[in-house]
Amino acid sequence: MSGSSSKPRPTDEELMDAYVDGDDAAFRLLFERYAPILLRLTRRHLRDDELAQEIVQQTFFRLHGARNDFRRGSKLRPWVMTIAMNLVREHWRRKKRRKMSDLEVDTQAAPEADFMPIELRQRSVLLHGALERLPNSQREVIELHWFQERPYAEIAQIVGTSEGAVRVRAHRAYTTLKQLLVSEIRGDE
Amino acid sequence: MTSPSDRPDAGLGERLRELDAAGTPESGALFDEMFSEMKTRCDESDRTLAGFLRSRSTSVRRAIVLSIFALLGVAGWFAFPLIGAEGRTLQWTASLVAFCLLLVLAMFMVTRPVHLPAIPRWQSWCLVCVALGATVVAAFWPVPAALAATTHDHGGGFMAGACMGVGLLLGVPVYALLRLVDRGNALGNLVAAAAAGVAGNFVLKAHCSIAGTSHELLGHASVALVFVVGLSLVHRWIPSETRH
C-alpha cells in the first residue's frame with residue numbers, strides 16, 4: 001500500500017477510466033484510496049468488523065460489475081458511496097426482517113480495540129451509542145456530511161432525495177446528537 | 001466540501017471526528033487481504049455467464065433482455081396457433097398489452113444500475129401486486145364460451161393443471177434471464193418472479209382457448225402467484241449472501 005511520488009497523482013476518475021480500459025493496477029489504487037474510507041463508514045453503521053469488511057468488498061465487487069456504466073466526466077465518489085450506502089441499507093432491512101436486531105450482539109462486536117486508552121474507548125462507545133440512536137436516514141446523512149465531508153447536494157444524490165430533505169435530516173440529527181452528547185462535550189470544555 | 005454555514009455546531013463536529021478517530025486502526029495487510037479476496041471473487045464472477053452479463057453496461061443489458069423477450073414473443077406467437085379471431089376482443093388485446101408493459105417495467109427495475117440510489121421497496125412491491133392483479137383481472141375476461149366450444153373440448157380441471165404447467169415452464173427462462181442481468185437490486189428476485197408469471201400469462205392468454213373464469217384463475221393467474229410465493233419462500237429460506 002505505497003504510493004509513487006514522481007508522477008502527478010491520477011484522479012479517481014482517471015483511475016476508473018483506466019480500469020474500464022482493462023488496467024487492473026488502477027483498480028488496486030482505487031481500492032487503496034476508498035477501502036479505508038468505506039471501512040470507517042461501514043464500521044460506524046454496522047459496528048461489526050467482519051461485516052464492515054464484507055460490505056467494503058461487496059462494494060468493490062459491485063463497482064467492478066458496474067464499471068462499464070461509468071461515463072467519462074462522471075464523478076466516482078458518489079458512485080462508490082451510493083453503492084456502499086445501498087448495501088448498508090439492504091443489510092439493515094434484512095436484519096430487521098429476520099428479527100435479529102440484538103443490540104447486545106452489536107455492542108460486543110463494536111470496533112473498539114484493547115489497545116485504546118479506557119477514556120478514549122468510553123468516548124468512542126458514547127459516540128457510537130449516540131449515532132446508533134439516530135434513525136438510519138439521519139445517520140447516513142451525518143455520516144456523509146461530517147465524517148466524509150460531502151456537500152449536501154452530493155449527499156442528496158447518494159441517498160436519493162432532495163437537498164432540502166437532506167438539510168432537514170441533518171439539522172434534526174445534529175440537534176439530537178447535541179442533546180445526547182452534551183455531557184461529553186461539556187466535560188472537555 | 002461542507003461549508004461552515006452548513007455546520008450547525010462546529011464544536012460538535014470536531015468532537016464527533018475526534019471520538020471517531022479513536023476507532024480501530026487499519027493495517028495495510030488487512031486491505032491487501034481484503035483486496036485479494038475481492039479480486040478473486042471478481043475474477044471468478046467474470047468467468048460465469050451471470051458475471052459476463054452483469055458487467056455489460058446498463059443499456060446493453062436492457063437491449064439484451066428486450067431482444068430476448070422479443071425473440072421469445074415472436075417465436076411463441078407464430079409457433080403455436082392463436083385463439084380464434086372471434087376471441088381476440090378488446091379485453092384480450094388490453095390484457096396482452098398490459099402484460100407486455102409490466103414485463104418491460106420489470107426489466108427496467110431489475111436492470112437498474114447499482115450506482116443509483118436503490119428503488120424504494122414499496123415500488124417493487126407495487127409492481128408485484130399490480131402484476132398479480134393484472135393476471136386476475138385478465139381471468140375475468142375469458143374467451144367467449146361459443147368460440148371455446150368450437151376449438152377445444154377438454155376437461156376444465158385437468159386442463160387448468162396443464163395450462164399452469166405450461167405457464168410455469170414458459171416463465172422459467174424469463175426469470176432466469178432477469179436474474180442473470182440483475183446486479184443485486186433489493187427485491188429483484190420478486191420482481192423477476194412476477195415478470196416470469198406475467199410472461200407465462202401472456203403466452204397462455206394468446207393461445208389458450210379454454211373458456212371460463214375458473215379455468216383462467218386456476219390455470220393462468222395461478223402461474224404468477226406460484227412464481228411469486230414460491231420464489232419468495234425459496235429466497236427466505238436461502239440467505240441471499242450465499243446466492244451472490
# chains A, B, ... in the order shown; residues from 1 in each chain; ligands from 1
call {"tool": "interface_residues", "arguments": {"of": "chain A", "to": "chain B", "cutoff": "8 Å", "atoms": "only C-alpha atoms", "output": "mmCIF file with C-alpha atoms, in the first residue's frame"}}
result
data_model
loop_
_atom_site.group_PDB
_atom_site.id
_atom_site.type_symbol
_atom_site.label_atom_id
_atom_site.label_comp_id
_atom_site.auth_asym_id
_atom_site.auth_seq_id
_atom_site.Cartn_x
_atom_site.Cartn_y
_atom_site.Cartn_z
ATOM 1 C CA MET A 1 0.000 0.000 0.000
ATOM 2 C CA ARG A 28 -5.954 -1.679 -6.884
ATOM 3 C CA PHE A 31 -9.239 0.165 -3.574
ATOM 4 C CA GLU A 32 -6.340 1.651 -1.627
ATOM 5 C CA ALA A 35 -11.361 0.999 1.180
ATOM 6 C CA PRO A 36 -10.197 2.809 4.362
ATOM 7 C CA GLN A 53 -15.141 -5.622 5.678
ATOM 8 C CA GLN A 57 -15.539 -5.933 -0.531
ATOM 9 C CA GLN A 58 -19.073 -6.209 -1.840
ATOM 10 C CA PHE A 60 -15.911 -3.011 -4.892
ATOM 11 C CA PHE A 61 -17.339 -6.217 -6.307
ATOM 12 C CA ARG A 62 -20.386 -4.254 -7.457
ATOM 13 C CA LEU A 63 -18.217 -1.416 -8.701
ATOM 14 C CA HIS A 64 -16.321 -3.971 -10.764
ATOM 15 C CA GLY A 65 -19.597 -5.296 -12.182
ATOM 16 C CA ALA A 66 -20.863 -1.798 -12.943
ATOM 17 C CA ARG A 67 -17.605 -0.486 -14.419
ATOM 18 C CA ASN A 68 -18.971 -0.356 -17.953
ATOM 19 C CA ASP A 69 -21.654 2.083 -16.795
ATOM 20 C CA PRO A 78 -20.832 9.461 -5.379
ATOM 21 C CA TRP A 79 -20.857 6.157 -7.243
ATOM 22 C CA VAL A 80 -18.857 4.358 -4.589
ATOM 23 C CA THR A 82 -24.119 5.173 -3.223
ATOM 24 C CA ILE A 83 -23.210 1.529 -3.731
ATOM 25 C CA ASN A 86 -27.322 0.841 -0.655
ATOM 26 C CA GLU A 90 -30.029 -3.578 2.465
ATOM 27 C CA PRO A 111 -14.853 -1.821 16.745
ATOM 28 C CA GLU A 112 -13.124 -0.603 19.888
ATOM 29 C CA ALA A 113 -9.846 -2.334 20.490
ATOM 30 C CA MET A 116 -7.194 2.065 23.181
ATOM 31 C CA LEU A 120 -10.999 7.232 24.689
ATOM 32 C CA ARG A 121 -12.773 3.910 24.417
ATOM 33 C CA ARG A 123 -15.957 8.252 24.472
ATOM 34 C CA SER A 124 -15.961 6.215 21.320
ATOM 35 C CA LEU A 127 -20.395 8.430 20.164
ATOM 36 C CA HIS A 145 -21.777 15.214 5.835
ATOM 37 C CA TRP A 146 -19.481 15.229 8.829
ATOM 38 C CA PHE A 147 -17.294 12.237 8.513
ATOM 39 C CA GLU A 149 -17.312 15.935 4.349
ATOM 40 C CA ARG A 150 -19.634 15.672 1.394
ATOM 41 C CA PRO A 151 -21.722 18.672 0.381
ATOM 42 C CA TYR A 152 -25.487 18.448 0.775
ATOM 43 C CA GLN A 157 -27.616 12.357 -4.945
ATOM 44 C CA ILE A 158 -26.254 9.462 -2.907
ATOM 45 C CA VAL A 159 -29.296 8.883 -0.708
ATOM 46 C CA GLY A 160 -31.770 9.605 -3.493
ATOM 47 C CA HIS A 171 -30.452 19.525 11.255
ATOM 48 C CA TYR A 174 -27.342 17.323 14.858
ATOM 49 C CA LYS A 178 -26.057 17.542 20.570
ATOM 50 C CA ILE A 185 -18.879 17.956 25.077
#
call {"tool": "select_by_dssp", "arguments": {"residues": "segment 67-180 of chain B", "states": "alpha helix (DSSP H)", "output": "PyMOL selection string"}}
result
chain B and resi 67-79+90-110+121-139+145-151+156-180
call {"tool": "atom_distance", "arguments": {"atom1": "atom CA of Ala194 of chain B", "atom2": "atom CA of Ile55 of chain A"}}
result
28.6 Å
call {"tool": "closest_residue", "arguments": {"among": "B:Leu231, B:Gly165, B:Phe140, B:Val198", "to": "Gln91 of chain B", "atoms": "only C-alpha atoms"}}
result
B:Phe140
call {"tool": "closest_residue", "arguments": {"among": "A:Ser162, A:Val88, A:Leu76, A:Arg33", "to": "Glu54 of chain A", "atoms": "only C-alpha atoms"}}
result
A:Val88
call {"tool": "closest_residue", "arguments": {"among": "A:Arg40, A:Asp49, A:Arg77, A:Glu154", "to": "Thr11 of chain A", "atoms": "only C-alpha atoms"}}
result
A:Arg77
call {"tool": "atom_distance", "arguments": {"atom1": "atom CA of Arg47 of chain A", "atom2": "atom CA of Arg121 of chain B"}}
result
24.7 Å
call {"tool": "atom_distance", "arguments": {"atom1": "atom CA of Val223 of chain B", "atom2": "atom CA of Gly167 of chain B"}}
result
6.0 Å
call {"tool": "residues_around", "arguments": {"residues": "Leu66 of chain B", "least_positions_apart": "4", "cutoff": "8 Å", "atoms": "only C-alpha atoms", "output": "PyMOL selection string"}}
result
chain B and resi 62+70+104
call {"tool": "write_last_selection", "arguments": {"atoms": "C-alpha atoms", "output": "PDB file, in the first residue's frame"}}
result
ATOM      1  CA  ARG B  62     -31.509  -3.799 -21.377  1.00  0.00           C
ATOM      2  CA  ALA B  70     -38.963 -10.001 -28.459  1.00  0.00           C
ATOM      3  CA  VAL B 104     -40.810  -4.018 -19.721  1.00  0.00           C
TER       4      VAL B 104
END
